[in-house]
$ cat structure21.cif   # mmCIF, C-alpha atoms
data_protein
loop_
_atom_site.label_atom_id
_atom_site.label_comp_id
_atom_site.auth_asym_id
_atom_site.auth_seq_id
_atom_site.Cartn_x
_atom_site.Cartn_y
_atom_site.Cartn_z
CA MET A 1 60.05 152.94 64.44
CA SER A 2 59.76 155.19 61.39
CA ILE A 3 60.68 153.52 58.15
CA ILE A 4 61.76 155.12 54.88
CA THR A 5 61.17 152.68 52.03
CA ILE A 6 63.55 153.16 49.12
CA GLU A 7 64.14 149.91 47.13
CA ARG A 8 67.23 151.03 45.25
CA LYS A 9 69.83 148.84 43.54
CA VAL A 10 73.12 149.18 45.41
CA LEU A 11 75.13 149.45 42.20
CA GLU A 12 72.67 151.74 40.39
CA LYS A 13 75.31 154.45 39.95
CA ASN A 14 77.64 152.06 38.15
CA ASP A 15 74.75 150.62 36.13
CA GLU A 16 73.76 154.12 35.02
CA GLN A 17 77.31 154.91 33.89
CA ALA A 18 77.47 151.52 32.12
CA ARG A 19 74.24 152.38 30.23
CA HIS A 20 75.82 155.64 29.16
CA ASN A 21 78.96 153.80 27.95
CA ARG A 22 76.78 151.28 26.08
CA ASP A 23 74.89 154.11 24.35
CA LEU A 24 78.20 155.53 23.11
CA PHE A 25 79.38 152.11 21.91
CA THR A 26 76.10 151.73 20.01
CA LEU A 27 76.49 155.18 18.51
CA TYR A 28 80.01 154.40 17.27
CA GLN A 29 79.08 150.80 16.34
CA ASN A 30 81.78 149.31 18.56
CA PHE A 31 81.61 145.64 19.52
CA VAL A 32 82.90 145.60 23.10
CA ILE A 33 84.00 142.64 25.16
CA ASN A 34 84.91 142.58 28.85
CA LEU A 35 87.63 139.96 29.34
CA VAL A 36 87.61 138.50 32.86
CA SER A 37 89.48 135.68 34.60
CA SER A 38 91.64 134.83 37.59
CA PRO A 39 95.24 136.10 37.52
CA GLY A 40 97.49 134.00 35.31
CA SER A 41 94.85 132.34 33.14
CA GLY A 42 96.41 133.91 30.05
CA LYS A 43 94.20 136.94 29.30
CA THR A 44 97.06 139.07 28.01
CA SER A 45 98.57 136.20 25.99
CA LEU A 46 95.15 135.57 24.49
CA LEU A 47 94.91 139.26 23.67
CA GLU A 48 98.31 139.19 21.95
CA ALA A 49 97.41 136.11 19.90
CA THR A 50 94.01 137.60 19.02
CA LEU A 51 95.39 140.99 17.99
CA ALA A 52 98.13 139.41 15.87
CA ALA A 53 95.48 137.42 14.02
CA ILE A 54 92.85 140.10 13.41
CA LYS A 55 94.40 143.58 13.56
CA SER A 56 94.93 143.65 9.80
CA LYS A 57 91.29 142.69 9.20
CA ILE A 58 89.38 144.92 11.61
CA SER A 59 90.22 148.01 13.67
CA VAL A 60 90.82 147.09 17.30
CA ALA A 61 91.51 149.07 20.48
CA VAL A 62 92.31 147.83 23.96
CA ILE A 63 91.68 149.07 27.50
CA GLU A 64 93.94 147.36 30.04
CA GLY A 65 92.98 147.14 33.70
CA ASP A 66 95.57 146.24 36.32
CA VAL A 67 96.02 146.74 40.04
CA GLN A 68 99.55 148.00 39.46
CA THR A 69 102.01 148.67 36.57
CA ASP A 70 101.56 149.33 32.85
CA LEU A 71 103.35 146.10 31.87
CA ASP A 72 100.33 144.77 29.98
CA ALA A 73 99.78 147.97 28.00
CA ARG A 74 103.42 147.88 26.95
CA ARG A 75 102.97 144.33 25.66
CA ILE A 76 99.97 145.45 23.60
CA GLU A 77 101.70 148.62 22.33
CA LYS A 78 104.32 146.44 20.65
CA LEU A 79 101.55 145.15 18.37
CA ASP A 80 100.75 148.70 17.16
CA VAL A 81 97.24 148.67 18.56
CA PRO A 82 95.78 151.72 20.40
CA VAL A 83 95.82 150.90 24.10
CA VAL A 84 94.92 152.75 27.31
CA GLN A 85 96.08 151.48 30.68
CA ILE A 86 93.92 151.87 33.77
CA VAL A 87 95.83 151.32 37.02
CA THR A 88 93.35 150.77 39.86
CA ASN A 89 95.96 151.20 42.63
CA GLY A 90 94.64 148.33 44.69
CA GLY A 91 91.07 148.29 43.33
CA CYS A 92 90.07 144.70 42.59
CA HIS A 93 87.85 145.40 39.56
CA LEU A 94 87.12 147.95 36.83
CA GLU A 95 84.07 150.19 37.15
CA ALA A 96 82.09 151.83 34.35
CA ARG A 97 83.36 155.30 35.32
CA LEU A 98 87.02 154.23 34.91
CA VAL A 99 86.25 152.75 31.51
CA ASN A 100 84.51 155.97 30.49
CA ASP A 101 87.65 157.94 31.42
CA ALA A 102 89.78 155.59 29.33
CA MET A 103 87.36 155.82 26.36
CA GLN A 104 88.15 159.54 26.05
CA ALA A 105 91.67 158.66 24.93
CA LEU A 106 90.49 156.36 22.12
CA ASP A 107 89.13 157.13 18.66
CA LEU A 108 85.89 155.17 19.00
CA ALA A 109 84.60 156.33 15.61
CA ARG A 110 87.46 154.40 14.02
CA THR A 111 87.15 151.32 16.24
CA GLU A 112 85.19 148.20 15.33
CA LEU A 113 86.27 145.99 18.21
CA LEU A 114 87.13 147.21 21.72
CA ILE A 115 88.57 144.70 24.15
CA ILE A 116 88.59 145.61 27.85
CA GLU A 117 90.94 143.41 29.87
CA ASN A 118 89.64 143.47 33.42
CA VAL A 119 91.69 143.07 36.60
CA GLY A 120 92.60 139.39 37.18
CA ASN A 121 89.94 138.33 39.69
CA LEU A 122 87.12 135.80 39.39
CA VAL A 123 84.94 137.41 42.07
CA CYS A 124 84.60 141.19 42.06
CA PRO A 125 84.36 142.08 38.33
CA ALA A 126 81.21 139.90 38.08
CA ASN A 127 79.08 142.61 39.71
CA TYR A 128 80.23 145.58 37.62
CA ASP A 129 78.71 146.18 34.20
CA LEU A 130 81.10 148.26 32.09
CA GLY A 131 78.74 148.74 29.14
CA GLU A 132 80.16 145.80 27.19
CA ALA A 133 78.19 143.72 24.70
CA GLN A 134 79.56 140.44 26.03
CA LYS A 135 81.43 139.33 29.12
CA VAL A 136 84.06 136.75 28.13
CA VAL A 137 85.48 134.59 30.93
CA VAL A 138 88.85 132.88 30.40
CA LEU A 139 89.64 129.72 32.37
CA SER A 140 92.85 127.75 31.91
CA VAL A 141 92.83 123.98 32.36
CA THR A 142 95.56 124.23 35.02
CA GLU A 143 93.17 126.06 37.37
CA GLY A 144 91.00 122.97 37.85
CA ASP A 145 87.70 121.95 36.29
CA ASP A 146 85.72 122.87 39.43
CA LYS A 147 86.27 126.65 39.09
CA PRO A 148 82.83 127.38 37.57
CA LEU A 149 81.22 125.83 40.66
CA LYS A 150 83.46 127.78 43.03
CA TYR A 151 82.94 131.15 41.29
CA PRO A 152 79.41 130.81 39.87
CA ALA A 153 78.57 134.53 39.67
CA MET A 154 81.25 135.16 37.05
CA PHE A 155 80.20 132.20 34.91
CA ARG A 156 76.52 133.14 35.26
CA ASN A 157 77.10 136.70 34.09
CA ALA A 158 79.37 135.76 31.19
CA SER A 159 78.09 134.83 27.74
CA VAL A 160 81.33 133.30 26.42
CA LEU A 161 83.79 130.88 28.05
CA ILE A 162 87.29 130.46 26.69
CA VAL A 163 89.08 127.35 27.91
CA ASN A 164 92.76 128.23 27.58
CA LYS A 165 96.01 126.21 27.74
CA ILE A 166 94.44 123.07 26.28
CA ASP A 167 97.96 121.99 25.24
CA LEU A 168 98.54 121.27 28.96
CA LEU A 169 95.58 118.86 29.29
CA PRO A 170 97.82 115.74 29.27
CA TYR A 171 99.62 117.04 32.37
CA VAL A 172 96.66 117.99 34.60
CA ASP A 173 93.86 116.11 36.34
CA SER A 174 91.15 118.40 34.90
CA THR A 175 89.16 117.09 32.00
CA ILE A 176 87.59 119.37 29.45
CA GLU A 177 84.30 117.44 29.68
CA THR A 178 83.96 118.01 33.45
CA LEU A 179 84.98 121.65 33.10
CA LYS A 180 82.34 122.26 30.42
CA GLN A 181 79.70 120.28 32.31
CA ASN A 182 80.34 122.36 35.46
CA ALA A 183 80.24 125.64 33.52
CA LEU A 184 77.01 124.71 31.74
CA SER A 185 75.35 123.69 35.02
CA ILE A 186 75.75 127.32 36.09
CA ASN A 187 75.04 128.86 32.69
CA PRO A 188 73.65 126.61 29.92
CA ASN A 189 73.78 129.47 27.38
CA LEU A 190 77.58 129.84 27.38
CA THR A 191 79.32 129.83 24.01
CA ILE A 192 82.52 127.84 24.57
CA PHE A 193 85.87 128.08 22.77
CA GLU A 194 88.77 125.71 23.51
CA LEU A 195 92.18 127.03 22.58
CA SER A 196 95.89 127.31 23.31
CA CYS A 197 97.77 130.58 22.91
CA LYS A 198 101.00 128.57 22.98
CA THR A 199 100.26 126.30 20.01
CA GLY A 200 97.68 128.52 18.30
CA GLU A 201 95.09 125.75 18.28
CA GLY A 202 91.55 127.14 18.33
CA ILE A 203 92.61 130.79 17.91
CA GLU A 204 91.22 131.00 14.38
CA ARG A 205 87.73 129.86 15.37
CA TRP A 206 87.67 132.40 18.23
CA CYS A 207 88.86 135.20 15.94
CA ASP A 208 86.29 134.28 13.27
CA TRP A 209 83.58 134.59 15.92
CA LEU A 210 84.96 137.99 17.05
CA ARG A 211 85.01 139.28 13.47
CA ALA A 212 81.49 138.03 12.80
CA GLN A 213 80.23 139.78 15.95
CA SER A 214 82.07 143.02 15.13
CA GLY A 215 80.91 142.94 11.50
CA SER A 216 77.27 142.40 12.36
CA ARG A 217 77.15 145.76 14.09
CA GLY A 218 78.41 147.89 11.21
CA MET B 1 87.19 142.95 48.54
CA HIS B 2 84.67 144.71 46.31
CA GLU B 3 82.48 144.80 49.44
CA LEU B 4 84.20 148.08 50.36
CA SER B 5 83.03 149.69 47.14
CA ILE B 6 79.56 148.17 47.61
CA ALA B 7 79.36 149.45 51.21
CA GLN B 8 80.30 152.93 49.96
CA ASN B 9 77.43 152.76 47.46
CA ILE B 10 75.03 151.82 50.28
CA VAL B 11 76.22 154.74 52.41
CA ASP B 12 75.79 157.11 49.44
CA ILE B 13 72.23 155.88 48.83
CA VAL B 14 71.34 156.31 52.52
CA ARG B 15 72.72 159.87 52.59
CA GLN B 16 70.81 160.79 49.44
CA ASN B 17 67.53 159.59 50.96
CA VAL B 18 67.70 161.22 54.38
CA PRO B 19 68.23 164.96 54.99
CA GLU B 20 71.72 165.59 56.39
CA ALA B 21 70.38 167.04 59.64
CA ASP B 22 68.70 163.70 60.39
CA TRP B 23 71.59 161.35 59.66
CA HIS B 24 72.21 160.79 63.39
CA MET B 25 68.65 159.40 63.69
CA ILE B 26 69.26 156.52 61.28
CA ARG B 27 69.09 153.26 63.25
CA SER B 28 69.50 150.63 60.57
CA VAL B 29 69.67 150.07 56.84
CA VAL B 30 67.89 146.98 55.51
CA THR B 31 69.84 145.57 52.59
CA ILE B 32 68.76 142.60 50.48
CA VAL B 33 71.65 140.33 49.48
CA GLY B 34 71.12 137.30 47.23
CA GLU B 35 73.09 134.19 48.21
CA GLN B 36 74.51 134.19 44.69
CA SER B 37 75.11 137.94 44.39
CA GLY B 38 78.84 137.47 44.86
CA VAL B 39 78.81 139.50 48.07
CA VAL B 40 80.04 138.13 51.41
CA PRO B 41 77.73 139.45 54.18
CA GLU B 42 80.47 139.48 56.84
CA SER B 43 82.83 141.47 54.60
CA LEU B 44 80.01 143.86 53.75
CA ARG B 45 79.23 144.49 57.43
CA PHE B 46 82.92 144.99 58.20
CA SER B 47 83.27 147.44 55.28
CA PHE B 48 80.12 149.34 56.29
CA HIS B 49 81.42 149.80 59.84
CA SER B 50 84.84 150.88 58.60
CA ILE B 51 83.31 153.56 56.36
CA THR B 52 80.80 154.87 58.93
CA ALA B 53 83.15 154.93 61.94
CA SER B 54 83.42 158.42 63.47
CA THR B 55 80.61 159.76 61.24
CA GLU B 56 76.94 160.51 61.96
CA LEU B 57 76.24 156.94 60.86
CA GLU B 58 78.57 155.25 63.33
CA HIS B 59 75.71 153.70 65.33
CA THR B 60 73.77 152.67 62.24
CA VAL B 61 73.36 148.91 61.86
CA LEU B 62 73.62 147.26 58.45
CA ASP B 63 70.74 144.79 58.54
CA ILE B 64 71.36 142.14 55.85
CA GLU B 65 68.51 139.94 54.64
CA LEU B 66 69.91 136.94 52.76
CA VAL B 67 67.79 135.64 49.88
CA PRO B 68 68.19 131.96 48.91
CA PHE B 69 68.93 131.05 45.30
CA MET B 70 65.78 129.87 43.51
CA ILE B 71 65.14 128.74 39.94
CA HIS B 72 61.93 128.20 37.97
CA CYS B 73 61.78 125.23 35.59
CA ILE B 74 60.07 126.03 32.28
CA GLU B 75 59.54 122.29 31.63
CA CYS B 76 57.87 121.19 34.87
CA GLY B 77 56.76 124.63 36.08
CA VAL B 78 58.16 124.13 39.58
CA ASP B 79 60.26 126.58 41.63
CA SER B 80 63.22 124.94 43.39
CA LEU B 81 65.97 126.00 45.75
CA THR B 82 69.30 124.68 44.44
CA GLU B 83 72.75 124.40 45.97
CA GLN B 84 75.78 126.38 44.83
CA GLY B 85 74.01 128.39 42.17
CA SER B 86 73.19 125.43 39.93
CA VAL B 87 70.48 126.15 37.36
CA GLN B 88 69.73 122.46 36.76
CA CYS B 89 66.15 121.57 37.73
CA PRO B 90 66.42 119.01 40.58
CA ILE B 91 63.12 117.42 39.48
CA CYS B 92 63.51 116.82 35.74
CA GLY B 93 67.27 117.37 35.40
CA LEU B 94 66.89 119.87 32.55
CA PHE B 95 68.55 123.28 32.31
CA ALA B 96 65.48 125.02 30.85
CA THR B 97 65.22 127.27 33.89
CA THR B 98 65.13 130.91 34.83
CA ILE B 99 66.55 132.46 38.00
CA VAL B 100 63.73 133.65 40.27
CA ALA B 101 65.72 134.95 43.24
CA GLY B 102 69.10 134.95 44.93
CA THR B 103 71.19 137.33 42.81
CA GLU B 104 69.71 140.62 44.04
CA LEU B 105 71.63 143.39 45.77
CA HIS B 106 69.57 146.38 46.85
CA VAL B 107 68.75 148.72 49.70
CA ARG B 108 65.16 148.11 50.81
CA GLU B 109 64.54 150.57 53.63
CA ILE B 110 66.01 152.86 56.25
CA LYS B 111 64.78 152.56 59.83
CA MET B 112 64.80 155.82 61.81
CA ASP B 113 64.45 156.70 65.49
CA GLU B 114 60.93 156.48 66.97
CA SER B 115 60.75 160.27 67.15
CA TYR B 116 61.47 160.72 63.45
CA GLU B 117 58.56 161.64 61.25
CA VAL B 118 58.71 160.34 57.72
CA LYS B 119 57.92 163.14 55.29
CA THR B 120 55.76 161.99 52.44
#
$ encode --input "structure21.cif" --output "structure tokens"
Amino acid sequence: MSIITIERKVLEKNDEQARHNRDLFTLYQNFVINLVSSPGSGKTSLLEATLAAIKSKISVAVIEGDVQTDLDARRIEKLDVPVVQIVTNGGCHLEARLVNDAMQALDLARTELLIIENVGNLVCPANYDLGEAQKVVVLSVTEGDDKPLKYPAMFRNASVLIVNKIDLLPYVDSTIETLKQNALSINPNLTIFELSCKTGEGIERWCDWLRAQSGSRG
Amino acid sequence: MHELSIAQNIVDIVRQNVPEADWHMIRSVVTIVGEQSGVVPESLRFSFHSITASTELEHTVLDIELVPFMIHCIECGVDSLTEQGSVQCPICGLFATTIVAGTELHVREIKMDESYEVKT
């Protein structure tokens, strides 16, 4: 049998577009995070709490990714922050090309922090680089402390873990120690924040970190 | 189901690497899938067949080679296979490890009909 050897990365096209996006973010000195989680972990609530706390201190823009509807973008618009909605129409993750399209509608030169809220899904977005500086995975305590073990690829590829809804810890069987231990067994380099969007606990520390990261690029 | 998008990428790569007139001579595509790549082999095969049905590639087989997840411990210098993507060294218990294999996702080679001559 005749064999053609190629050795090509399957997602090379997306990786190439992601590199291009990253070059633009570097050019405009944008600090970009890719916010990922399962549906219902509180990504949009976290975004609202974060924007309310920092929008007067640094310039922020948001790209919202959803399978259907612009409900999330409307929530963000109310906070007077530039936002672009990507509707994937069934697609389970954002790809670098979609983010590049959305970037055209934003004034990157006037943006210090760009937050991309990915489609709620702990599996598929793990494989797709969007050009972000850091992948931030949100996990709420109600989802169970074994999630990092069940969805290791996402926790391996992330650099930051946000444990959300810590106000509900008294009502669930998960413990924060087990959750952290499981996450660190997959990725020992994770920076971990524990917070509650409901009570506001931990939001300040997270926002201080975001500002420090954004500032260090300017 | 990101396997559909991944299968489409594989089909695109195959088509770029073989002249269109020879697509019907493609027998199989060898794809390397790490156990911890986040891709389900069965879903990938299903997606590949769905995309290639009624095309020149409809008889092409997607040949998946699964690569086990392996880490290298910086402390004890030993390579170990671990379960469920854990990066904890099973020998010394430390996390000072690097991933050696098991997260890859690439197309290795395309196998053509016997009669096909590979142009170099």
$ closest_atom_pairs --input "structure21.cif" --of "chain A" --to "chain B" --cutoff "7 Å" --atoms "only C-alpha atoms" --output "Markdown table"
| residue | atom | partner | partner_atom | distance |
| --- | --- | --- | --- | --- |
| A:Met1 | CA | B:Glu114 | CA | 4.4 |
| A:Ser2 | CA | B:Met112 | CA | 5.1 |
| A:Ile3 | CA | B:Lys111 | CA | 4.5 |
| A:Ile4 | CA | B:Ile110 | CA | 5.0 |
| A:Thr5 | CA | B:Glu109 | CA | 4.3 |
| A:Ile6 | CA | B:Glu109 | CA | 5.3 |
| A:Glu7 | CA | B:Arg108 | CA | 4.2 |
| A:Arg8 | CA | B:Val107 | CA | 5.2 |
| A:Lys9 | CA | B:His106 | CA | 4.1 |
| A:Val10 | CA | B:His106 | CA | 4.7 |
| A:Leu11 | CA | B:Asn9 | CA | 6.6 |
| A:Cys92 | CA | B:His2 | CA | 6.6 |
| A:Val123 | CA | B:Gly38 | CA | 6.7 |
| A:Cys124 | CA | B:His2 | CA | 5.5 |
| A:Leu149 | CA | B:Gln84 | CA | 6.9 |
| A:Pro152 | CA | B:Gly85 | CA | 6.3 |
| A:Ala153 | CA | B:Gly38 | CA | 6.0 |
| A:Ser185 | CA | B:Ser86 | CA | 5.6 |
| A:Ile186 | CA | B:Ser86 | CA | 5.0 |
| A:Pro188 | CA | B:Phe95 | CA | 6.5 |
$ atom_distance --input "structure21.cif" --atom1 "CA of Ile74 in chain B" --atom2 "CA of Cys92 in chain B"
10.4 Å
$ residues_around --input "structure21.cif" --residues "range 104-121 of chain A" --least-positions-apart "4" --cutoff "7 Å" --atoms "all atoms listed in the file" --output "JSON, numbers by chain"
{"A": [28, 29, 30, 31, 32, 33, 34, 35, 36, 37, 38, 39, 58, 59, 60, 61, 62, 63, 64, 65, 66, 67, 92, 93, 94, 100, 125, 214]}
$ resolve_selection --input "structure21.cif" --expression "the PyMOL selection byres ((chain A and resi 166-172) around 7)" --output "list in words"
Val141, Thr142, Asn164, Lys165, Asp173, Ser174, Glu194, Leu195 and Ser196 of chain A
$ residues_near_point --input "structure21.cif" --point "(88.0, 132.4, 25.4)" --cutoff "6 Å" --atoms "all atoms listed in the file" --output "ChimeraX atom specification"
/A:138,161-163,193
$ atom_distance --input "structure21.cif" --atom1 "CA of Cys207 in chain A" --atom2 "CA of Ile86 in chain A"
24.9 Å
$ atom_distance --input "structure21.cif" --atom1 "CA of Val100 in chain B" --atom2 "CA of Glu35 in chain B"
12.3 Å
$ closest_residue --input "structure21.cif" --among "A:Glu204, A:Glu48, A:Asp101, A:Asp23" --to "Val81 in chain A" --atoms "all atoms listed in the file"
A:Glu48
$ closest_residue --input "structure21.cif" --among "A:Gln134, A:Asn127, A:Thr191, A:Ser140" --to "Asp15 in chain A" --atoms "all atoms listed in the file"
A:Asn127
$ closest_residue --input "structure21.cif" --among "A:Leu27, A:Val84, A:Ala133, A:Leu122" --to "Leu98 in chain A" --atoms "all atoms listed in the file"
A:Val84
$ residues_around --input "structure21.cif" --residues "Pro90 in chain B" --least-positions-apart "6" --cutoff "12 Å" --atoms "only C-alpha atoms" --output "ChimeraX atom specification"
/A:185 /B:70-73,75-76,78-83,96-97
$ resolve_selection --input "structure21.cif" --expression "the PyMOL selection byres ((chain A and resi 68) around 8)" --output "number ranges by chain"
A: 66-67, 69-70, 87-90
$ write_last_selection --input "structure21.cif" --atoms "C-alpha atoms" --output "PDB file, in the frame of the given file"
ATOM      1  CA  ASP A  66      95.570 146.240  36.320  1.00  0.00           C
ATOM      2  CA  VAL A  67      96.020 146.740  40.040  1.00  0.00           C
ATOM      3  CA  THR A  69     102.010 148.670  36.570  1.00  0.00           C
ATOM      4  CA  ASP A  70     101.560 149.330  32.850  1.00  0.00           C
ATOM      5  CA  VAL A  87      95.830 151.320  37.020  1.00  0.00           C
ATOM      6  CA  THR A  88      93.350 150.770  39.860  1.00  0.00           C
ATOM      7  CA  ASN A  89      95.960 151.200  42.630  1.00  0.00           C
ATOM      8  CA  GLY A  90      94.640 148.330  44.690  1.00  0.00           C
TER       9      GLY A  90
END
$ decode --input "structure21.cif" --residues "range 86-114 of chain B" --atoms "N, CA and C atoms" --output "mmCIF file, in the first residue's frame"
data_model
loop_
_atom_site.group_PDB
_atom_site.id
_atom_site.type_symbol
_atom_site.label_atom_id
_atom_site.label_comp_id
_atom_site.auth_asym_id
_atom_site.auth_seq_id
_atom_site.Cartn_x
_atom_site.Cartn_y
_atom_site.Cartn_z
ATOM 1 N N SER B 86 -4.505 11.922 35.684
ATOM 2 C CA SER B 86 -3.830 12.460 36.872
ATOM 3 C C SER B 86 -2.364 12.738 36.548
ATOM 4 N N VAL B 87 -1.854 13.867 37.073
ATOM 5 C CA VAL B 87 -0.438 14.192 36.849
ATOM 6 C C VAL B 87 0.377 13.971 38.120
ATOM 7 N N GLN B 88 -0.194 13.189 39.051
ATOM 8 C CA GLN B 88 0.531 12.856 40.286
ATOM 9 C C GLN B 88 1.399 11.627 40.029
ATOM 10 N N CYS B 89 2.703 11.738 40.329
ATOM 11 C CA CYS B 89 3.612 10.605 40.105
ATOM 12 C C CYS B 89 3.202 9.446 41.015
ATOM 13 N N PRO B 90 2.917 8.257 40.437
ATOM 14 C CA PRO B 90 2.468 7.131 41.273
ATOM 15 C C PRO B 90 3.598 6.567 42.142
ATOM 16 N N ILE B 91 4.846 6.960 41.860
ATOM 17 C CA ILE B 91 5.974 6.415 42.621
ATOM 18 C C ILE B 91 6.292 7.277 43.849
ATOM 19 N N CYS B 92 6.473 8.589 43.628
ATOM 20 C CA CYS B 92 6.845 9.441 44.765
ATOM 21 C C CYS B 92 5.680 10.293 45.275
ATOM 22 N N GLY B 93 4.573 10.315 44.538
ATOM 23 C CA GLY B 93 3.399 11.050 45.012
ATOM 24 C C GLY B 93 3.442 12.546 44.748
ATOM 25 N N LEU B 94 4.538 13.034 44.139
ATOM 26 C CA LEU B 94 4.645 14.474 43.883
ATOM 27 C C LEU B 94 3.972 14.860 42.558
ATOM 28 N N PHE B 95 3.741 16.153 42.408
ATOM 29 C CA PHE B 95 3.099 16.658 41.195
ATOM 30 C C PHE B 95 4.107 17.340 40.261
ATOM 31 N N ALA B 96 5.398 17.167 40.563
ATOM 32 C CA ALA B 96 6.448 17.783 39.740
ATOM 33 C C ALA B 96 6.631 16.948 38.474
ATOM 34 N N THR B 97 5.630 16.985 37.607
ATOM 35 C CA THR B 97 5.648 16.118 36.430
ATOM 36 C C THR B 97 5.357 16.909 35.160
ATOM 37 N N THR B 98 5.735 16.321 34.040
ATOM 38 C CA THR B 98 5.352 16.901 32.754
ATOM 39 C C THR B 98 4.596 15.823 31.968
ATOM 40 N N ILE B 99 3.710 16.246 31.090
ATOM 41 C CA ILE B 99 2.946 15.296 30.294
ATOM 42 C C ILE B 99 3.794 14.882 29.084
ATOM 43 N N VAL B 100 4.007 13.594 28.927
ATOM 44 C CA VAL B 100 4.839 13.080 27.834
ATOM 45 C C VAL B 100 3.965 12.730 26.619
ATOM 46 N N ALA B 101 2.829 12.139 26.872
ATOM 47 C CA ALA B 101 1.957 11.704 25.772
ATOM 48 C C ALA B 101 0.522 11.548 26.254
ATOM 49 N N GLY B 102 -0.399 11.522 25.275
ATOM 50 C CA GLY B 102 -1.793 11.243 25.617
ATOM 51 C C GLY B 102 -2.729 12.410 25.438
ATOM 52 N N THR B 103 -2.200 13.572 24.953
ATOM 53 C CA THR B 103 -3.105 14.694 24.693
ATOM 54 C C THR B 103 -3.079 15.073 23.200
ATOM 55 N N GLU B 104 -2.348 14.286 22.394
ATOM 56 C CA GLU B 104 -2.177 14.677 20.991
ATOM 57 C C GLU B 104 -3.435 14.417 20.138
ATOM 58 N N LEU B 105 -3.498 15.126 19.039
ATOM 59 C CA LEU B 105 -4.608 14.979 18.101
ATOM 60 C C LEU B 105 -4.065 15.396 16.736
ATOM 61 N N HIS B 106 -3.566 14.411 15.974
ATOM 62 C CA HIS B 106 -3.080 14.789 14.649
ATOM 63 C C HIS B 106 -3.246 13.683 13.606
ATOM 64 N N VAL B 107 -3.182 14.103 12.360
ATOM 65 C CA VAL B 107 -3.283 13.169 11.247
ATOM 66 C C VAL B 107 -1.870 12.726 10.902
ATOM 67 N N ARG B 108 -1.609 11.418 10.987
ATOM 68 C CA ARG B 108 -0.249 10.924 10.756
ATOM 69 C C ARG B 108 0.002 10.618 9.288
ATOM 70 N N GLU B 109 -0.878 9.784 8.696
ATOM 71 C CA GLU B 109 -0.640 9.427 7.293
ATOM 72 C C GLU B 109 -1.915 9.032 6.571
ATOM 73 N N ILE B 110 -1.811 9.020 5.245
ATOM 74 C CA ILE B 110 -2.929 8.636 4.395
ATOM 75 C C ILE B 110 -2.503 7.400 3.614
ATOM 76 N N LYS B 111 -3.270 6.333 3.724
ATOM 77 C CA LYS B 111 -2.936 5.107 2.989
ATOM 78 C C LYS B 111 -3.754 5.054 1.704
ATOM 79 N N MET B 112 -3.032 4.859 0.578
ATOM 80 C CA MET B 112 -3.665 4.869 -0.739
ATOM 81 C C MET B 112 -3.757 3.451 -1.299
ATOM 82 N N ASP B 113 -4.505 3.304 -2.386
ATOM 83 C CA ASP B 113 -4.564 2.032 -3.105
ATOM 84 C C ASP B 113 -3.167 1.573 -3.502
ATOM 85 N N GLU B 114 -3.009 0.241 -3.651
ATOM 86 C CA GLU B 114 -1.726 -0.337 -4.076
ATOM 87 C C GLU B 114 -1.188 0.345 -5.341
#
